[in-house]
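> Structure incoming, see below.
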Amino acid sequence: MDDTEILGTAALIVNDDGEYLLHLKERFVLAEAFGKPIEDDDWVLVRVEAVQAARSGPMFVRVHSAVGTAVALWRGAPWDVGREHHVEWSVDEDIVWMENARPNTDGVPELREDGDHIVFRGRLSLDEDGGAVLDVGGSVILLDLADPPLPDGVDGSWVEVRVAPDNVTAWSYEV
């Protein structure tokens, strides 16, 4: 990635199988969104495990991250399941204020399942053109906003977004 700056220190990790993994604690400057840098200076790897056999069609996986766990559609290689990855989240559901997005005062990022929804809690950033980004513990998720527009004062605030699991995808990528 041309827009990536990597500064790091190494950590040695032993996984559940007793294998030693070398992992870098990295600081990423991936890009800019709405004139603000998208940065991640936390541990960005997630562990992915299969929850449904993938004979044909989409594969669902359980993603374990530093801020929580949820089942999502997997768009990585099938042989990469059961390993750690960097992932990008996509949400294919319009955000409607006070329906599937609400203010939250906890100030702590979270990923979890709640009944028939996946819940992302993070800090919301808006742009002048009506776009939105939710920062969930360093993972930046682009959101599509439905009408009516979000209320004044929501930019920079903590929100909780609840979406259907079929509309959430985890995409693996290389750093």
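For the structure tokens, the naming scheme is as follows: chains receive sequential letters (A, B, ...) according to their order of presentation, residues are indexed from 1 within each chain, and ligands are indexed from 1 in presentation order.
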Which neighbours of Val96 in chain A fall inside 9 Å, counting only C-alpha atoms, when residues of the same chain fewer than 4 positions from it are skipped, and could you give them as a ChimeraX atom specification?
/A:100-102,145-150
> Would you put the residues from that selection into a file with all heavy atoms, as a tab-separated table (two decimals), in the first residue's frame?

chain	number	residue	atom	x	y	z
A	100	ASN	N	-31.11	1.71	13.79
A	100	ASN	CA	-30.00	0.77	13.96
A	100	ASN	C	-28.72	1.47	14.41
A	100	ASN	O	-27.66	0.86	14.46
A	100	ASN	CB	-29.77	-0.06	12.68
A	100	ASN	CG	-29.36	0.77	11.49
A	100	ASN	OD1	-29.35	2.00	11.54
A	100	ASN	ND2	-29.04	0.10	10.41
A	101	ALA	N	-28.82	2.74	14.75
A	101	ALA	CA	-27.69	3.49	15.30
A	101	ALA	C	-28.21	4.42	16.40
A	101	ALA	O	-29.22	5.10	16.22
A	101	ALA	CB	-27.01	4.32	14.21
A	102	ARG	N	-27.51	4.39	17.52
A	102	ARG	CA	-27.92	5.18	18.69
A	102	ARG	C	-26.69	5.75	19.40
A	102	ARG	O	-25.61	5.17	19.32
A	102	ARG	CB	-28.66	4.31	19.70
A	102	ARG	CG	-29.93	3.73	19.18
A	102	ARG	CD	-30.64	2.91	20.26
A	102	ARG	NE	-31.91	2.42	19.77
A	102	ARG	CZ	-33.04	3.10	19.78
A	102	ARG	NH1	-33.06	4.31	20.26
A	102	ARG	NH2	-34.14	2.59	19.30
A	145	LEU	N	-25.26	6.07	4.99
A	145	LEU	CA	-26.30	6.70	5.79
A	145	LEU	C	-27.58	6.85	5.00
A	145	LEU	O	-27.57	7.25	3.83
A	145	LEU	CB	-25.84	8.08	6.27
A	145	LEU	CG	-24.54	8.10	7.07
A	145	LEU	CD1	-24.13	9.53	7.39
A	145	LEU	CD2	-24.68	7.27	8.34
A	146	ALA	N	-28.69	6.52	5.62
A	146	ALA	CA	-30.01	6.68	4.99
A	146	ALA	C	-30.56	8.06	5.36
A	146	ALA	O	-30.07	8.72	6.26
A	146	ALA	CB	-30.95	5.58	5.49
A	147	ASP	N	-31.60	8.46	4.66
A	147	ASP	CA	-32.31	9.69	5.03
A	147	ASP	C	-33.26	9.39	6.16
A	147	ASP	O	-33.78	8.28	6.24
A	147	ASP	CB	-33.09	10.23	3.82
A	147	ASP	CG	-32.17	10.89	2.80
A	147	ASP	OD1	-31.13	11.44	3.23
A	147	ASP	OD2	-32.48	10.82	1.61
A	148	PRO	N	-33.52	10.27	7.05
A	148	PRO	CA	-33.00	11.63	7.14
A	148	PRO	C	-31.56	11.64	7.63
A	148	PRO	O	-31.08	10.64	8.19
A	148	PRO	CB	-33.92	12.28	8.17
A	148	PRO	CG	-34.35	11.17	9.06
A	148	PRO	CD	-34.42	9.96	8.17
A	149	PRO	N	-30.86	12.77	7.47
A	149	PRO	CA	-29.46	12.85	7.90
A	149	PRO	C	-29.35	12.71	9.43
A	149	PRO	O	-30.32	12.90	10.15
A	149	PRO	CB	-29.01	14.24	7.45
A	149	PRO	CG	-30.20	14.94	6.95
A	149	PRO	CD	-31.33	13.98	6.84
A	150	LEU	N	-28.15	12.39	9.87
A	150	LEU	CA	-27.91	12.26	11.31
A	150	LEU	C	-28.06	13.63	11.98
A	150	LEU	O	-27.84	14.66	11.35
A	150	LEU	CB	-26.51	11.71	11.56
A	150	LEU	CG	-26.23	10.32	11.00
A	150	LEU	CD1	-24.81	9.90	11.32
A	150	LEU	CD2	-27.21	9.30	11.52
> Need the shell around Trp89 in chain A: protein/DNA/RNA residues with any atom at most 12 Å away, counting only C-alpha atoms. Skip same-chain ones fewer than 5 positions apart. Format as number ranges by chain?
A: 46, 63, 65, 70-76, 111, 118, 120, 133-136, 138-143, 165, 167-173
> Deliver the residues from the most recent selection as a file, using C-alpha atoms, as a PDB file, in the first residue's frame.

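Below you can see again-v3.pdb, which holds the result:
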ATOM      1  CA  VAL A  46      -7.910 -10.997  14.615  1.00  0.00           C
ATOM      2  CA  VAL A  63     -13.911 -13.318  14.298  1.00  0.00           C
ATOM      3  CA  SER A  65     -10.693  -9.323  18.094  1.00  0.00           C
ATOM      4  CA  ALA A  70     -18.910 -11.902  16.219  1.00  0.00           C
ATOM      5  CA  VAL A  71     -19.870 -14.174  13.324  1.00  0.00           C
ATOM      6  CA  ALA A  72     -19.519 -12.608   9.868  1.00  0.00           C
ATOM      7  CA  LEU A  73     -19.347 -13.543   6.206  1.00  0.00           C
ATOM      8  CA  TRP A  74     -15.728 -14.413   5.294  1.00  0.00           C
ATOM      9  CA  ARG A  75     -14.173 -13.018   2.111  1.00  0.00           C
ATOM     10  CA  GLY A  76     -10.703 -14.425   2.604  1.00  0.00           C
ATOM     11  CA  LEU A 111     -17.821  -5.885  18.848  1.00  0.00           C
ATOM     12  CA  ILE A 118     -23.981  -7.693  15.284  1.00  0.00           C
ATOM     13  CA  PHE A 120     -20.307  -2.301  16.658  1.00  0.00           C
ATOM     14  CA  VAL A 133     -16.758   6.266   9.383  1.00  0.00           C
ATOM     15  CA  LEU A 134     -17.021   4.282  12.608  1.00  0.00           C
ATOM     16  CA  ASP A 135     -13.742   3.676  14.459  1.00  0.00           C
ATOM     17  CA  VAL A 136     -14.138   0.478  16.503  1.00  0.00           C
ATOM     18  CA  GLY A 138      -8.740   0.933  15.496  1.00  0.00           C
ATOM     19  CA  SER A 139     -10.801  -0.869  12.853  1.00  0.00           C
ATOM     20  CA  VAL A 140     -12.341   1.740  10.593  1.00  0.00           C
ATOM     21  CA  ILE A 141     -15.704   0.865   9.032  1.00  0.00           C
ATOM     22  CA  LEU A 142     -17.238   2.952   6.237  1.00  0.00           C
ATOM     23  CA  LEU A 143     -21.002   3.338   6.680  1.00  0.00           C
ATOM     24  CA  PRO A 165     -25.151 -10.594  10.454  1.00  0.00           C
ATOM     25  CA  ASN A 167     -24.854  -7.707   6.056  1.00  0.00           C
ATOM     26  CA  VAL A 168     -21.445  -7.857   7.758  1.00  0.00           C
ATOM     27  CA  THR A 169     -18.354  -9.080   5.914  1.00  0.00           C
ATOM     28  CA  ALA A 170     -14.769  -9.575   7.075  1.00  0.00           C
ATOM     29  CA  TRP A 171     -12.189  -9.195   4.264  1.00  0.00           C
ATOM     30  CA  SER A 172      -8.656 -10.388   4.928  1.00  0.00           C
ATOM     31  CA  TYR A 173      -5.777  -8.272   3.680  1.00  0.00           C
TER      32      TYR A 173
END
